[in-house]
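> Quick one: this structure, given as structure tokens, is what I'll be asking you about.
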Amino acid sequence: MKSINRKDFLKNLGLAGVTVAAAPILAHCRSDGDEQTSSSSSSSSSSSGSGGSGSGGSSSSGTCSVTNSETEGPFPTKSPSSLVRTNIIGDRTGVAFTINITIQNTNNSCAVLQGALVDIWHCDKDGNYSEYGGTSMQSTDYTSNHFLRGRQTTDSNGLVSFTSIFPGWYQSRATHIHVHIYKSDGTSLLVTQIAFPEGSDSAVVAVNSATSYGYSKGMSGYTYNANDNVFSDGTSNEMSSISGSVSAGYILTHTIKVAG
């Protein structure tokens, strides 16, 4: 099924400018391109094992420029201040996943930024988001759940770390994680998304073949980064590095640069 063009969708709705799960485009999380694009002015170790996704570029580019801003998606966290936690799994099941994100400040020669608030959220293995549902955007009702959402404050190394499960996917979107970064006073710095390496030896392929962990979709119908509504314009500064295996779990490492 041909995915809806974000710009045409917005044009038809009469919207201008800041947004996610498996079934036709109007079911589950839907294409993030169905919502407005966010602006940045509003809220590591490695695991051993095979199947790691060394494929794909590291998120730390040689230039000191702000990471691309992206849509917040239709399912942003409603009250992130109530979700201060490291373990964001909740009642979800799936392949173990550690998310390590470093924040750098382009206003200080890309030195690490301590004290920044970092919110993340992503879908479960079936492509559903918590805090929403029971609508045409996502049929499964998870309005009373808060899984796979969390907030942490960067430490002296500019780092936050979350314990999660490897995200699933849904039609029109590649595997991804949403991130919203704020100053310590709550001023929004950047809304962006984290992309995942792809390829036959990638974690994305390995996990989606892991039926014993409940990942039942496989890769049939998967939308790759090149055709993704958000990532099709390039992922050079949004691409993560992932290591590990299905059995041992995976570790994502990523650097995001903001004008702090």
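FYI, nothing fancy with the structure tokens labels: chains A, B, ... in order, residues from 1 per chain, ligands from 1 as they appear.
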Please provide the set of residues having any atom within 8 Å of Ile256 of chain A, restricted to only C-alpha atoms, with same-chain residues fewer than 4 positions apart removed, written as number ranges by chain.
A: 59-60, 66-67, 101-104, 237-238
> Give me a file of those residues, with N, CA and C atoms, as an mmCIF file, in the first residue's frame.

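Saved the output as selection-v2.cif:
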data_model
loop_
_atom_site.group_PDB
_atom_site.id
_atom_site.type_symbol
_atom_site.label_atom_id
_atom_site.label_comp_id
_atom_site.auth_asym_id
_atom_site.auth_seq_id
_atom_site.Cartn_x
_atom_site.Cartn_y
_atom_site.Cartn_z
ATOM 1 N N SER A 59 26.107 7.813 15.221
ATOM 2 C CA SER A 59 25.354 9.053 15.327
ATOM 3 C C SER A 59 26.261 10.253 15.539
ATOM 4 N N SER A 60 27.506 10.028 15.887
ATOM 5 C CA SER A 60 28.415 11.137 16.158
ATOM 6 C C SER A 60 29.158 11.524 14.884
ATOM 7 N N VAL A 66 23.456 21.057 14.837
ATOM 8 C CA VAL A 66 22.282 20.526 15.520
ATOM 9 C C VAL A 66 21.700 19.341 14.748
ATOM 10 N N THR A 67 21.346 18.304 15.478
ATOM 11 C CA THR A 67 20.700 17.134 14.893
ATOM 12 C C THR A 67 19.362 17.537 14.271
ATOM 13 N N ILE A 101 21.923 7.530 25.395
ATOM 14 C CA ILE A 101 21.890 8.743 24.579
ATOM 15 C C ILE A 101 22.765 9.811 25.223
ATOM 16 N N THR A 102 23.664 10.375 24.444
ATOM 17 C CA THR A 102 24.516 11.474 24.911
ATOM 18 C C THR A 102 24.059 12.766 24.241
ATOM 19 N N ILE A 103 23.935 13.816 25.029
ATOM 20 C CA ILE A 103 23.527 15.121 24.504
ATOM 21 C C ILE A 103 24.732 16.052 24.487
ATOM 22 N N GLN A 104 24.972 16.676 23.338
ATOM 23 C CA GLN A 104 26.058 17.637 23.178
ATOM 24 C C GLN A 104 25.494 19.012 22.847
ATOM 25 N N ASN A 237 22.670 12.196 10.695
ATOM 26 C CA ASN A 237 22.890 12.570 12.097
ATOM 27 C C ASN A 237 21.802 12.042 13.024
ATOM 28 N N GLU A 238 21.016 11.080 12.531
ATOM 29 C CA GLU A 238 19.979 10.461 13.353
ATOM 30 C C GLU A 238 20.185 8.952 13.502
#
> I'd like the neighbourhood of segment 204-214 of chain A as a list in words, where a residue qualifies if any of its atoms comes within 7 Å (using only C-alpha atoms), though same-chain residues fewer than 4 positions away should be ignored.
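Neighbouring residues, sequence-local ones excluded: Gly51, Gly94, Val95, Glu198, Ser200, Gly218, Met219 and Val246 of chain A.
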> Between A:Thr192, A:Asn87, A:Ser139, A:Ser236, which one has atoms that come closest to Thr163 of chain A, using only C-alpha atoms?
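Smallest separation from Thr163 of chain A among the options: A:Asn87.
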> Quick check, in Å to one decimal: how far apart do atom CA of Ala226 of chain A and atom CA of Leu148 of chain A lie?
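Atom-to-atom, atom CA of Ala226 of chain A to atom CA of Leu148 of chain A, that is 25.6 Å.
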> Please provide as a PyMOL selection string all residues within 7 Å of Ile251 of chain A, with the sequence filter that same-chain residues fewer than 2 positions apart are discarded (counting only C-alpha atoms).
chain A and resi 46-47+97-99+242-244+249+253
> Go through A:Thr106, A:Thr93, A:Thr86, A:Thr135 and flag the residue nearest Phe162 of chain A, using only C-alpha atoms for the distances.
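So, comparing all the options, the nearest one is A:Thr86.
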> With distances taken over only C-alpha atoms, which of A:Pro197, A:Gly73, A:Pro167, A:Gly186 is nearest to Val118 of chain A?
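So, comparing all the options, the nearest one is A:Gly186.
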> Assign secondary structure with DSSP using the backbone only, and return the residues of segment 34-232 of chain A in strand (DSSP E or B) as a ChimeraX atom specification.
/A:53,84,87,96-105,111-112,117-121,149-153,159-165,170,173,176-182,188-195
> May I ask for the distance between atom CA of Asn227 of chain A and atom CA of Arg173 of chain A, given in Å to one decimal place?
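So the answer is 8.3 Å.
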> Would you kindly return, as number ranges by chain, each protein, DNA or RNA residue with an atom no farther than 9 Å from any atom of Ser184 of chain A, considering only C-alpha atoms and excluding same-chain residues fewer than 6 positions away?
A: 115-117, 153
> Please, what distance in Å, to one decimal, runs between atom CA of Asp91 of chain A and atom CA of Trp121 of chain A?
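Pair atom CA of Asp91 of chain A / atom CA of Trp121 of chain A returns 14.8 Å.
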> Write out as a PyMOL selection string which residues come within 7 Å of Asp141 of chain A when counting only C-alpha atoms, dropping same-chain ones fewer than 5 positions away.
chain A and resi 132-134
> Would you put the residues from that selection into a file with N, CA and C atoms, as a CSV table (one decimal), in the first residue's frame?

chain,number,residue,atom,x,y,z
A,132,TYR,N,-2.6,6.1,24.5
A,132,TYR,CA,-3.5,6.4,23.4
A,132,TYR,C,-4.2,5.1,23.0
A,133,GLY,N,-5.2,5.3,22.1
A,133,GLY,CA,-5.8,4.1,21.5
A,133,GLY,C,-7.3,4.2,21.6
A,134,GLY,N,-7.9,3.1,21.0
A,134,GLY,CA,-9.4,3.1,20.9
A,134,GLY,C,-9.9,4.1,19.9
